[in-house]
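Contents: one structure, followed by commentary.
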Amino acid sequence: MSLNRGYPCFYSVKKMILNTKNSTLRALEPEDLEFLYAIENNESIWEVSHTQTPFSKYVLKQYLENAHLDIFEAKQVRLIIEEKSTKKQVGMIDLFDFNPQHKRAGVGILIHPDFQKNGFASEALSLLISYAFSRLNLHQLYANIAADNSKSISLFTKHNFKKVGVKKEWIFSEGKFKDEVLFQLIK
């Protein structure tokens, strides 16, 4: 069963915890159900997640029950971004389309609107890059970003991702087509 809609479904690695000064990246837990339900059913982010219908708590709970699968089994991983001092979930970061043969994976990140502009995305992306290159021995990461998503473009370029292509009229949203930009970071 897969929820792959642009960013990957609810798989994670066992007992993985990565820390920075202000945040933690951790594996999904059953207690994350309400947070996932709120995020997945927020229509304002459906464009980036390629979602067209809401998810029930029942379906999300089933996915959480499969969170024990690691990236080599599931070919993807989702981690919760947690504010260190409060233990509050502030977002999610994903590796998807993991390909160990070609040593690459896609990256997706989402920060809840209440927690944006606090540095959580930058810290999480920095941790994920380090994990992907040092622990998973990947050669490259990539991100697909809508051309009008200036916040994400700024975030990924800040972390040395380079624009390598444009997919013309790739995303149909709100009655019009948008370009999508491909960014890569090569180790």
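The way I read the labels, and the way they are meant: chains A, B, ... in the order of the structure tokens, residue 1 as the first residue of every chain, and ligand 1 as the first ligand shown, with later ones counted on from there.
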Could you pull out the residues in region 48-159 of chain A that DSSP calls strand (DSSP E) from the backbone, as a PDB file with all heavy atoms, in the first residue's frame?
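Output contents, as saved in out38.pdb:
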```pdb
ATOM      1  N   VAL A  77      11.639   7.135   3.017  1.00  0.00           N
ATOM      2  CA  VAL A  77      11.604   7.325   4.458  1.00  0.00           C
ATOM      3  C   VAL A  77      10.976   8.685   4.752  1.00  0.00           C
ATOM      4  O   VAL A  77      11.252   9.664   4.063  1.00  0.00           O
ATOM      5  CB  VAL A  77      13.012   7.210   5.098  1.00  0.00           C
ATOM      6  CG1 VAL A  77      13.955   8.283   4.606  1.00  0.00           C
ATOM      7  CG2 VAL A  77      12.925   7.232   6.600  1.00  0.00           C
ATOM      8  N   ARG A  78      10.128   8.722   5.733  1.00  0.00           N
ATOM      9  CA  ARG A  78       9.535   9.981   6.207  1.00  0.00           C
ATOM     10  C   ARG A  78       9.946  10.153   7.657  1.00  0.00           C
ATOM     11  O   ARG A  78       9.833   9.225   8.454  1.00  0.00           O
ATOM     12  CB  ARG A  78       8.019   9.974   6.103  1.00  0.00           C
ATOM     13  CG  ARG A  78       7.411  11.173   6.848  1.00  0.00           C
ATOM     14  CD  ARG A  78       5.991  11.409   6.506  1.00  0.00           C
ATOM     15  NE  ARG A  78       5.957  11.925   5.151  1.00  0.00           N
ATOM     16  CZ  ARG A  78       4.851  12.093   4.440  1.00  0.00           C
ATOM     17  NH1 ARG A  78       3.690  11.779   4.955  1.00  0.00           N
ATOM     18  NH2 ARG A  78       4.889  12.566   3.227  1.00  0.00           N
ATOM     19  N   LEU A  79      10.411  11.342   7.979  1.00  0.00           N
ATOM     20  CA  LEU A  79      10.804  11.675   9.343  1.00  0.00           C
ATOM     21  C   LEU A  79      10.006  12.875   9.817  1.00  0.00           C
ATOM     22  O   LEU A  79       9.714  13.793   9.045  1.00  0.00           O
ATOM     23  CB  LEU A  79      12.297  12.003   9.399  1.00  0.00           C
ATOM     24  CG  LEU A  79      13.234  10.875   8.956  1.00  0.00           C
ATOM     25  CD1 LEU A  79      14.654  11.394   8.812  1.00  0.00           C
ATOM     26  CD2 LEU A  79      13.170   9.719   9.926  1.00  0.00           C
ATOM     27  N   ILE A  80       9.673  12.864  11.088  1.00  0.00           N
ATOM     28  CA  ILE A  80       9.006  14.002  11.711  1.00  0.00           C
ATOM     29  C   ILE A  80      10.076  15.005  12.132  1.00  0.00           C
ATOM     30  O   ILE A  80      11.109  14.628  12.682  1.00  0.00           O
ATOM     31  CB  ILE A  80       8.188  13.550  12.946  1.00  0.00           C
ATOM     32  CG1 ILE A  80       7.006  12.686  12.530  1.00  0.00           C
ATOM     33  CG2 ILE A  80       7.731  14.749  13.785  1.00  0.00           C
ATOM     34  CD1 ILE A  80       5.920  13.411  11.757  1.00  0.00           C
ATOM     35  N   ILE A  81       9.816  16.268  11.861  1.00  0.00           N
ATOM     36  CA  ILE A  81      10.664  17.349  12.354  1.00  0.00           C
ATOM     37  C   ILE A  81      10.002  17.835  13.633  1.00  0.00           C
ATOM     38  O   ILE A  81       8.839  18.246  13.620  1.00  0.00           O
ATOM     39  CB  ILE A  81      10.783  18.495  11.340  1.00  0.00           C
ATOM     40  CG1 ILE A  81      11.293  17.983   9.993  1.00  0.00           C
ATOM     41  CG2 ILE A  81      11.686  19.608  11.894  1.00  0.00           C
ATOM     42  CD1 ILE A  81      11.128  18.968   8.842  1.00  0.00           C
ATOM     43  N   GLU A  82      10.738  17.744  14.717  1.00  0.00           N
ATOM     44  CA  GLU A  82      10.188  18.055  16.030  1.00  0.00           C
ATOM     45  C   GLU A  82      10.982  19.199  16.657  1.00  0.00           C
ATOM     46  O   GLU A  82      12.212  19.203  16.602  1.00  0.00           O
ATOM     47  CB  GLU A  82      10.304  16.797  16.889  1.00  0.00           C
ATOM     48  CG  GLU A  82       9.612  16.821  18.208  1.00  0.00           C
ATOM     49  CD  GLU A  82       9.715  15.463  18.894  1.00  0.00           C
ATOM     50  OE1 GLU A  82      10.788  15.163  19.448  1.00  0.00           O
ATOM     51  OE2 GLU A  82       8.725  14.704  18.844  1.00  0.00           O
ATOM     52  N   GLU A  83      10.276  20.159  17.232  1.00  0.00           N
ATOM     53  CA  GLU A  83      10.947  21.217  17.979  1.00  0.00           C
ATOM     54  C   GLU A  83      11.532  20.590  19.241  1.00  0.00           C
ATOM     55  O   GLU A  83      10.813  19.948  20.012  1.00  0.00           O
ATOM     56  CB  GLU A  83       9.963  22.330  18.330  1.00  0.00           C
ATOM     57  CG  GLU A  83      10.618  23.512  18.999  1.00  0.00           C
ATOM     58  CD  GLU A  83       9.640  24.634  19.260  1.00  0.00           C
ATOM     59  OE1 GLU A  83       8.453  24.366  19.547  1.00  0.00           O
ATOM     60  OE2 GLU A  83      10.068  25.790  19.187  1.00  0.00           O
ATOM     61  N   GLN A  89       5.550  18.477  16.988  1.00  0.00           N
ATOM     62  CA  GLN A  89       5.799  18.223  15.571  1.00  0.00           C
ATOM     63  C   GLN A  89       5.635  19.545  14.809  1.00  0.00           C
ATOM     64  O   GLN A  89       4.610  20.203  14.943  1.00  0.00           O
ATOM     65  CB  GLN A  89       4.817  17.210  14.993  1.00  0.00           C
ATOM     66  CG  GLN A  89       4.734  15.919  15.744  1.00  0.00           C
ATOM     67  CD  GLN A  89       3.440  15.789  16.510  1.00  0.00           C
ATOM     68  OE1 GLN A  89       2.921  16.755  17.060  1.00  0.00           O
ATOM     69  NE2 GLN A  89       2.912  14.593  16.583  1.00  0.00           N
ATOM     70  N   VAL A  90       6.629  19.890  14.001  1.00  0.00           N
ATOM     71  CA  VAL A  90       6.554  21.131  13.224  1.00  0.00           C
ATOM     72  C   VAL A  90       6.536  20.863  11.723  1.00  0.00           C
ATOM     73  O   VAL A  90       6.216  21.760  10.940  1.00  0.00           O
ATOM     74  CB  VAL A  90       7.696  22.109  13.586  1.00  0.00           C
ATOM     75  CG1 VAL A  90       7.632  22.494  15.051  1.00  0.00           C
ATOM     76  CG2 VAL A  90       9.064  21.548  13.231  1.00  0.00           C
ATOM     77  N   GLY A  91       6.879  19.645  11.318  1.00  0.00           N
ATOM     78  CA  GLY A  91       6.886  19.331   9.894  1.00  0.00           C
ATOM     79  C   GLY A  91       7.350  17.909   9.639  1.00  0.00           C
ATOM     80  O   GLY A  91       7.479  17.092  10.557  1.00  0.00           O
ATOM     81  N   MET A  92       7.613  17.652   8.348  1.00  0.00           N
ATOM     82  CA  MET A  92       8.063  16.337   7.903  1.00  0.00           C
ATOM     83  C   MET A  92       9.098  16.530   6.814  1.00  0.00           C
ATOM     84  O   MET A  92       9.038  17.506   6.060  1.00  0.00           O
ATOM     85  CB  MET A  92       6.894  15.536   7.338  1.00  0.00           C
ATOM     86  CG  MET A  92       5.797  15.272   8.342  1.00  0.00           C
ATOM     87  SD  MET A  92       4.387  14.382   7.638  1.00  0.00           S
ATOM     88  CE  MET A  92       3.588  15.665   6.689  1.00  0.00           C
ATOM     89  N   ILE A  93      10.026  15.592   6.728  1.00  0.00           N
ATOM     90  CA  ILE A  93      11.001  15.594   5.646  1.00  0.00           C
ATOM     91  C   ILE A  93      11.122  14.164   5.132  1.00  0.00           C
ATOM     92  O   ILE A  93      11.053  13.210   5.918  1.00  0.00           O
ATOM     93  CB  ILE A  93      12.356  16.181   6.089  1.00  0.00           C
ATOM     94  CG1 ILE A  93      13.261  16.428   4.883  1.00  0.00           C
ATOM     95  CG2 ILE A  93      13.011  15.335   7.171  1.00  0.00           C
ATOM     96  CD1 ILE A  93      14.428  17.358   5.170  1.00  0.00           C
ATOM     97  N   ASP A  94      11.258  14.026   3.830  1.00  0.00           N
ATOM     98  CA  ASP A  94      11.223  12.715   3.193  1.00  0.00           C
ATOM     99  C   ASP A  94      12.397  12.503   2.257  1.00  0.00           C
ATOM    100  O   ASP A  94      12.846  13.444   1.597  1.00  0.00           O
ATOM    101  CB  ASP A  94       9.969  12.577   2.323  1.00  0.00           C
ATOM    102  CG  ASP A  94       8.695  12.847   3.063  1.00  0.00           C
ATOM    103  OD1 ASP A  94       8.495  12.302   4.143  1.00  0.00           O
ATOM    104  OD2 ASP A  94       7.886  13.616   2.526  1.00  0.00           O
ATOM    105  N   LEU A  95      12.830  11.268   2.182  1.00  0.00           N
ATOM    106  CA  LEU A  95      13.614  10.765   1.064  1.00  0.00           C
ATOM    107  C   LEU A  95      12.688   9.828   0.316  1.00  0.00           C
ATOM    108  O   LEU A  95      12.034   8.981   0.932  1.00  0.00           O
ATOM    109  CB  LEU A  95      14.850   9.993   1.530  1.00  0.00           C
ATOM    110  CG  LEU A  95      15.988  10.802   2.118  1.00  0.00           C
ATOM    111  CD1 LEU A  95      17.074   9.866   2.659  1.00  0.00           C
ATOM    112  CD2 LEU A  95      16.566  11.760   1.095  1.00  0.00           C
ATOM    113  N   PHE A  96      12.588   9.985  -1.002  1.00  0.00           N
ATOM    114  CA  PHE A  96      11.715   9.113  -1.787  1.00  0.00           C
ATOM    115  C   PHE A  96      12.430   8.709  -3.065  1.00  0.00           C
ATOM    116  O   PHE A  96      13.487   9.246  -3.402  1.00  0.00           O
ATOM    117  CB  PHE A  96      10.381   9.798  -2.082  1.00  0.00           C
ATOM    118  CG  PHE A  96      10.496  11.062  -2.887  1.00  0.00           C
ATOM    119  CD1 PHE A  96      10.397  11.034  -4.273  1.00  0.00           C
ATOM    120  CD2 PHE A  96      10.706  12.280  -2.260  1.00  0.00           C
ATOM    121  CE1 PHE A  96      10.520  12.188  -5.019  1.00  0.00           C
ATOM    122  CE2 PHE A  96      10.823  13.446  -2.999  1.00  0.00           C
ATOM    123  CZ  PHE A  96      10.724  13.397  -4.384  1.00  0.00           C
ATOM    124  N   ASP A  97      11.869   7.753  -3.773  1.00  0.00           N
ATOM    125  CA  ASP A  97      12.505   7.185  -4.969  1.00  0.00           C
ATOM    126  C   ASP A  97      13.956   6.800  -4.685  1.00  0.00           C
ATOM    127  O   ASP A  97      14.837   6.984  -5.524  1.00  0.00           O
ATOM    128  CB  ASP A  97      12.426   8.144  -6.166  1.00  0.00           C
ATOM    129  CG  ASP A  97      11.026   8.307  -6.698  1.00  0.00           C
ATOM    130  OD1 ASP A  97      10.175   7.443  -6.397  1.00  0.00           O
ATOM    131  OD2 ASP A  97      10.764   9.291  -7.407  1.00  0.00           O
ATOM    132  N   PHE A  98      14.191   6.266  -3.487  1.00  0.00           N
ATOM    133  CA  PHE A  98      15.531   5.843  -3.088  1.00  0.00           C
ATOM    134  C   PHE A  98      16.005   4.753  -4.035  1.00  0.00           C
ATOM    135  O   PHE A  98      15.331   3.755  -4.238  1.00  0.00           O
ATOM    136  CB  PHE A  98      15.479   5.331  -1.650  1.00  0.00           C
ATOM    137  CG  PHE A  98      16.756   4.687  -1.170  1.00  0.00           C
ATOM    138  CD1 PHE A  98      17.890   5.451  -0.957  1.00  0.00           C
ATOM    139  CD2 PHE A  98      16.800   3.330  -0.917  1.00  0.00           C
ATOM    140  CE1 PHE A  98      19.057   4.865  -0.490  1.00  0.00           C
ATOM    141  CE2 PHE A  98      17.966   2.736  -0.448  1.00  0.00           C
ATOM    142  CZ  PHE A  98      19.098   3.498  -0.239  1.00  0.00           C
ATOM    143  N   ASN A  99      17.177   4.965  -4.626  1.00  0.00           N
ATOM    144  CA  ASN A  99      17.730   4.009  -5.572  1.00  0.00           C
ATOM    145  C   ASN A  99      19.171   3.705  -5.163  1.00  0.00           C
ATOM    146  O   ASN A  99      20.081   4.461  -5.505  1.00  0.00           O
ATOM    147  CB  ASN A  99      17.665   4.568  -6.999  1.00  0.00           C
ATOM    148  CG  ASN A  99      18.057   3.543  -8.033  1.00  0.00           C
ATOM    149  OD1 ASN A  99      19.026   2.813  -7.855  1.00  0.00           O
ATOM    150  ND2 ASN A  99      17.308   3.494  -9.118  1.00  0.00           N
ATOM    151  N   ARG A 104      20.971   7.512  -5.389  1.00  0.00           N
ATOM    152  CA  ARG A 104      20.246   8.785  -5.409  1.00  0.00           C
ATOM    153  C   ARG A 104      18.894   8.644  -4.737  1.00  0.00           C
ATOM    154  O   ARG A 104      18.374   7.539  -4.580  1.00  0.00           O
ATOM    155  CB  ARG A 104      20.083   9.291  -6.837  1.00  0.00           C
ATOM    156  CG  ARG A 104      19.168   8.441  -7.681  1.00  0.00           C
ATOM    157  CD  ARG A 104      18.937   9.048  -9.060  1.00  0.00           C
ATOM    158  NE  ARG A 104      18.150   8.146  -9.846  1.00  0.00           N
ATOM    159  CZ  ARG A 104      18.553   7.546 -10.950  1.00  0.00           C
ATOM    160  NH1 ARG A 104      19.762   7.762 -11.425  1.00  0.00           N
ATOM    161  NH2 ARG A 104      17.754   6.733 -11.592  1.00  0.00           N
ATOM    162  N   ALA A 105      18.337   9.811  -4.369  1.00  0.00           N
ATOM    163  CA  ALA A 105      16.992   9.863  -3.793  1.00  0.00           C
ATOM    164  C   ALA A 105      16.448  11.278  -3.959  1.00  0.00           C
ATOM    165  O   ALA A 105      17.205  12.255  -4.047  1.00  0.00           O
ATOM    166  CB  ALA A 105      17.013   9.489  -2.317  1.00  0.00           C
ATOM    167  N   GLY A 106      15.115  11.372  -3.989  1.00  0.00           N
ATOM    168  CA  GLY A 106      14.447  12.663  -3.993  1.00  0.00           C
ATOM    169  C   GLY A 106      14.245  13.142  -2.566  1.00  0.00           C
ATOM    170  O   GLY A 106      14.229  12.348  -1.627  1.00  0.00           O
ATOM    171  N   VAL A 107      14.094  14.456  -2.409  1.00  0.00           N
ATOM    172  CA  VAL A 107      13.874  15.069  -1.105  1.00  0.00           C
ATOM    173  C   VAL A 107      12.587  15.876  -1.152  1.00  0.00           C
ATOM    174  O   VAL A 107      12.344  16.624  -2.106  1.00  0.00           O
ATOM    175  CB  VAL A 107      15.035  16.018  -0.713  1.00  0.00           C
ATOM    176  CG1 VAL A 107      14.763  16.680   0.628  1.00  0.00           C
ATOM    177  CG2 VAL A 107      16.358  15.278  -0.697  1.00  0.00           C
ATOM    178  N   GLY A 108      11.771  15.734  -0.127  1.00  0.00           N
ATOM    179  CA  GLY A 108      10.574  16.549   0.041  1.00  0.00           C
ATOM    180  C   GLY A 108      10.522  17.048   1.471  1.00  0.00           C
ATOM    181  O   GLY A 108      10.938  16.346   2.394  1.00  0.00           O
ATOM    182  N   ILE A 109      10.040  18.252   1.664  1.00  0.00           N
ATOM    183  CA  ILE A 109       9.972  18.822   3.010  1.00  0.00           C
ATOM    184  C   ILE A 109       8.705  19.650   3.131  1.00  0.00           C
ATOM    185  O   ILE A 109       8.288  20.312   2.178  1.00  0.00           O
ATOM    186  CB  ILE A 109      11.236  19.656   3.328  1.00  0.00           C
ATOM    187  CG1 ILE A 109      11.245  20.097   4.790  1.00  0.00           C
ATOM    188  CG2 ILE A 109      11.375  20.822   2.380  1.00  0.00           C
ATOM    189  CD1 ILE A 109      12.600  20.615   5.252  1.00  0.00           C
ATOM    190  N   LEU A 110       8.118  19.592   4.317  1.00  0.00           N
ATOM    191  CA  LEU A 110       6.918  20.383   4.586  1.00  0.00           C
ATOM    192  C   LEU A 110       6.974  20.854   6.037  1.00  0.00           C
ATOM    193  O   LEU A 110       7.170  20.033   6.936  1.00  0.00           O
ATOM    194  CB  LEU A 110       5.662  19.544   4.375  1.00  0.00           C
ATOM    195  CG  LEU A 110       4.389  20.337   4.615  1.00  0.00           C
ATOM    196  CD1 LEU A 110       3.607  20.476   3.335  1.00  0.00           C
ATOM    197  CD2 LEU A 110       3.569  19.701   5.691  1.00  0.00           C
ATOM    198  N   ILE A 111       6.843  22.151   6.227  1.00  0.00           N
ATOM    199  CA  ILE A 111       6.778  22.730   7.569  1.00  0.00           C
ATOM    200  C   ILE A 111       5.369  23.279   7.759  1.00  0.00           C
ATOM    201  O   ILE A 111       4.851  23.989   6.893  1.00  0.00           O
ATOM    202  CB  ILE A 111       7.811  23.867   7.755  1.00  0.00           C
ATOM    203  CG1 ILE A 111       9.236  23.367   7.492  1.00  0.00           C
ATOM    204  CG2 ILE A 111       7.702  24.479   9.153  1.00  0.00           C
ATOM    205  CD1 ILE A 111       9.758  22.312   8.446  1.00  0.00           C
ATOM    206  N   GLN A 140      23.840  11.510  -4.925  1.00  0.00           N
ATOM    207  CA  GLN A 140      23.099  12.724  -5.232  1.00  0.00           C
ATOM    208  C   GLN A 140      21.697  12.701  -4.649  1.00  0.00           C
ATOM    209  O   GLN A 140      21.114  11.659  -4.418  1.00  0.00           O
ATOM    210  CB  GLN A 140      23.038  12.975  -6.736  1.00  0.00           C
ATOM    211  CG  GLN A 140      22.251  11.965  -7.527  1.00  0.00           C
ATOM    212  CD  GLN A 140      22.182  12.353  -8.986  1.00  0.00           C
ATOM    213  OE1 GLN A 140      21.460  13.270  -9.354  1.00  0.00           O
ATOM    214  NE2 GLN A 140      22.960  11.651  -9.810  1.00  0.00           N
ATOM    215  N   LEU A 141      21.206  13.920  -4.429  1.00  0.00           N
ATOM    216  CA  LEU A 141      19.830  14.163  -3.996  1.00  0.00           C
ATOM    217  C   LEU A 141      19.198  15.095  -5.018  1.00  0.00           C
ATOM    218  O   LEU A 141      19.898  15.888  -5.653  1.00  0.00           O
ATOM    219  CB  LEU A 141      19.807  14.821  -2.616  1.00  0.00           C
ATOM    220  CG  LEU A 141      20.357  13.990  -1.475  1.00  0.00           C
ATOM    221  CD1 LEU A 141      20.475  14.840  -0.207  1.00  0.00           C
ATOM    222  CD2 LEU A 141      19.486  12.775  -1.215  1.00  0.00           C
ATOM    223  N   TYR A 142      17.880  15.009  -5.156  1.00  0.00           N
ATOM    224  CA  TYR A 142      17.183  15.920  -6.055  1.00  0.00           C
ATOM    225  C   TYR A 142      15.877  16.381  -5.439  1.00  0.00           C
ATOM    226  O   TYR A 142      15.341  15.759  -4.532  1.00  0.00           O
ATOM    227  CB  TYR A 142      16.952  15.296  -7.438  1.00  0.00           C
ATOM    228  CG  TYR A 142      15.973  14.156  -7.456  1.00  0.00           C
ATOM    229  CD1 TYR A 142      14.606  14.390  -7.644  1.00  0.00           C
ATOM    230  CD2 TYR A 142      16.392  12.848  -7.292  1.00  0.00           C
ATOM    231  CE1 TYR A 142      13.692  13.340  -7.657  1.00  0.00           C
ATOM    232  CE2 TYR A 142      15.492  11.795  -7.303  1.00  0.00           C
ATOM    233  CZ  TYR A 142      14.148  12.050  -7.482  1.00  0.00           C
ATOM    234  OH  TYR A 142      13.245  11.017  -7.496  1.00  0.00           O
ATOM    235  N   ALA A 143      15.392  17.508  -5.940  1.00  0.00           N
ATOM    236  CA  ALA A 143      14.115  18.061  -5.484  1.00  0.00           C
ATOM    237  C   ALA A 143      13.365  18.608  -6.683  1.00  0.00           C
ATOM    238  O   ALA A 143      13.959  19.240  -7.561  1.00  0.00           O
ATOM    239  CB  ALA A 143      14.346  19.165  -4.464  1.00  0.00           C
ATOM    240  N   ASN A 144      12.062  18.348  -6.727  1.00  0.00           N
ATOM    241  CA  ASN A 144      11.163  18.893  -7.744  1.00  0.00           C
ATOM    242  C   ASN A 144      10.342  19.988  -7.077  1.00  0.00           C
ATOM    243  O   ASN A 144       9.610  19.705  -6.137  1.00  0.00           O
ATOM    244  CB  ASN A 144      10.232  17.807  -8.282  1.00  0.00           C
ATOM    245  CG  ASN A 144      10.991  16.682  -8.939  1.00  0.00           C
ATOM    246  OD1 ASN A 144      11.742  16.887  -9.871  1.00  0.00           O
ATOM    247  ND2 ASN A 144      10.811  15.469  -8.425  1.00  0.00           N
ATOM    248  N   ILE A 145      10.462  21.227  -7.572  1.00  0.00           N
ATOM    249  CA  ILE A 145       9.830  22.361  -6.906  1.00  0.00           C
ATOM    250  C   ILE A 145       9.052  23.186  -7.929  1.00  0.00           C
ATOM    251  O   ILE A 145       9.577  23.523  -8.990  1.00  0.00           O
ATOM    252  CB  ILE A 145      10.898  23.255  -6.230  1.00  0.00           C
ATOM    253  CG1 ILE A 145      11.753  22.422  -5.262  1.00  0.00           C
ATOM    254  CG2 ILE A 145      10.237  24.421  -5.501  1.00  0.00           C
ATOM    255  CD1 ILE A 145      12.959  23.154  -4.716  1.00  0.00           C
ATOM    256  N   ALA A 146       7.807  23.522  -7.595  1.00  0.00           N
ATOM    257  CA  ALA A 146       7.017  24.394  -8.470  1.00  0.00           C
ATOM    258  C   ALA A 146       7.780  25.709  -8.663  1.00  0.00           C
ATOM    259  O   ALA A 146       8.347  26.261  -7.715  1.00  0.00           O
ATOM    260  CB  ALA A 146       5.638  24.658  -7.866  1.00  0.00           C
TER     261      ALA A 146
END
```
Just asking: which residues within region 85-131 of chain A are helix (DSSP H, G or I) according to DSSP, as JSON, numbers by chain?
{"A": [113, 114, 115, 120, 121, 122, 123, 124, 125, 126, 127, 128, 129, 130, 131]}
Selected residues, N, CA, C and O atoms, written as a short mmCIF file (atom, residue, chain, number, x, y, z; two decimals), in the first residue's frame, please.
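out22.cif, freshly written:
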```cif
data_model
loop_
_atom_site.label_atom_id
_atom_site.label_comp_id
_atom_site.auth_asym_id
_atom_site.auth_seq_id
_atom_site.Cartn_x
_atom_site.Cartn_y
_atom_site.Cartn_z
N PRO A 113 2.45 25.62 8.58
CA PRO A 113 2.46 27.08 8.46
C PRO A 113 2.72 27.84 9.77
O PRO A 113 3.36 28.88 9.77
N ASP A 114 2.29 27.29 10.90
CA ASP A 114 2.51 27.95 12.19
C ASP A 114 3.98 28.00 12.60
O ASP A 114 4.35 28.75 13.51
N PHE A 115 4.82 27.18 11.96
CA PHE A 115 6.22 27.07 12.37
C PHE A 115 7.20 27.50 11.27
O PHE A 115 8.41 27.33 11.44
N PHE A 120 13.49 25.76 10.93
CA PHE A 120 13.32 24.31 11.03
C PHE A 120 13.61 23.61 9.70
O PHE A 120 14.24 22.54 9.68
N ALA A 121 13.16 24.18 8.60
CA ALA A 121 13.38 23.55 7.29
C ALA A 121 14.86 23.47 6.97
O ALA A 121 15.35 22.43 6.50
N SER A 122 15.58 24.54 7.22
CA SER A 122 17.01 24.57 6.92
C SER A 122 17.78 23.56 7.78
O SER A 122 18.63 22.82 7.28
N GLU A 123 17.47 23.52 9.07
CA GLU A 123 18.13 22.55 9.95
C GLU A 123 17.82 21.11 9.51
O GLU A 123 18.72 20.27 9.47
N ALA A 124 16.57 20.85 9.21
CA ALA A 124 16.17 19.49 8.81
C ALA A 124 16.84 19.09 7.50
O ALA A 124 17.34 17.96 7.38
N LEU A 125 16.87 19.99 6.55
CA LEU A 125 17.50 19.67 5.26
C LEU A 125 18.99 19.42 5.44
O LEU A 125 19.54 18.48 4.86
N SER A 126 19.64 20.22 6.25
CA SER A 126 21.07 20.02 6.52
C SER A 126 21.32 18.64 7.13
O SER A 126 22.24 17.91 6.71
N LEU A 127 20.51 18.25 8.11
CA LEU A 127 20.64 16.93 8.72
C LEU A 127 20.40 15.81 7.72
O LEU A 127 21.12 14.81 7.70
N LEU A 128 19.36 15.98 6.89
CA LEU A 128 19.03 14.93 5.93
C LEU A 128 20.13 14.77 4.89
O LEU A 128 20.45 13.65 4.50
N ILE A 129 20.70 15.87 4.44
CA ILE A 129 21.81 15.80 3.48
C ILE A 129 22.97 15.03 4.09
O ILE A 129 23.53 14.12 3.45
N SER A 130 23.33 15.37 5.30
CA SER A 130 24.43 14.68 5.98
C SER A 130 24.14 13.19 6.12
O SER A 130 24.99 12.34 5.84
N TYR A 131 22.93 12.85 6.56
CA TYR A 131 22.52 11.45 6.71
C TYR A 131 22.58 10.71 5.36
O TYR A 131 23.13 9.61 5.26
#
```
Closest to Arg135 (chain A) among A:Ala147, A:Leu182, A:Ile71, A:Leu64, using only C-alpha atoms?
A:Ile71
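Using only C-alpha atoms, the shortest contact distance between Ser152 (chain A) and any of A:Glu180, A:Glu34, A:Glu29, A:Glu73 is found at A:Glu180.
With CA of Ser23 (chain A) on one side and CA of His112 (chain A) on the other, the separation reads 14.0 Å.
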Looking at A:Asp179, A:Glu65, A:Glu174, A:Glu31, which one is nearest to Asn149 (chain A), with distances taken over only C-alpha atoms?
A:Asp179
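Nearest residue to Asn22 (chain A) among A:Ser134, A:Gln184, A:Ser173, A:Thr86 is A:Thr86, counting only C-alpha atoms.
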Nearest residue to Tyr37 (chain A) out of A:Lys87, A:Lys21, A:Lys57, A:His159, using only C-alpha atoms?
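Among A:Lys87, A:Lys21, A:Lys57, A:His159, it is A:Lys57 that comes nearest to Tyr37 (chain A).
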Considering only C-alpha atoms, state which residue in the set A:Glu169, A:Lys103, A:Asp70, A:Lys176 is at the smallest distance from Phe133 (chain A).
A:Lys103
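Picture a line from CA of Asn19 (chain A) to CA of Asp32 (chain A); it runs 18.4 Å.
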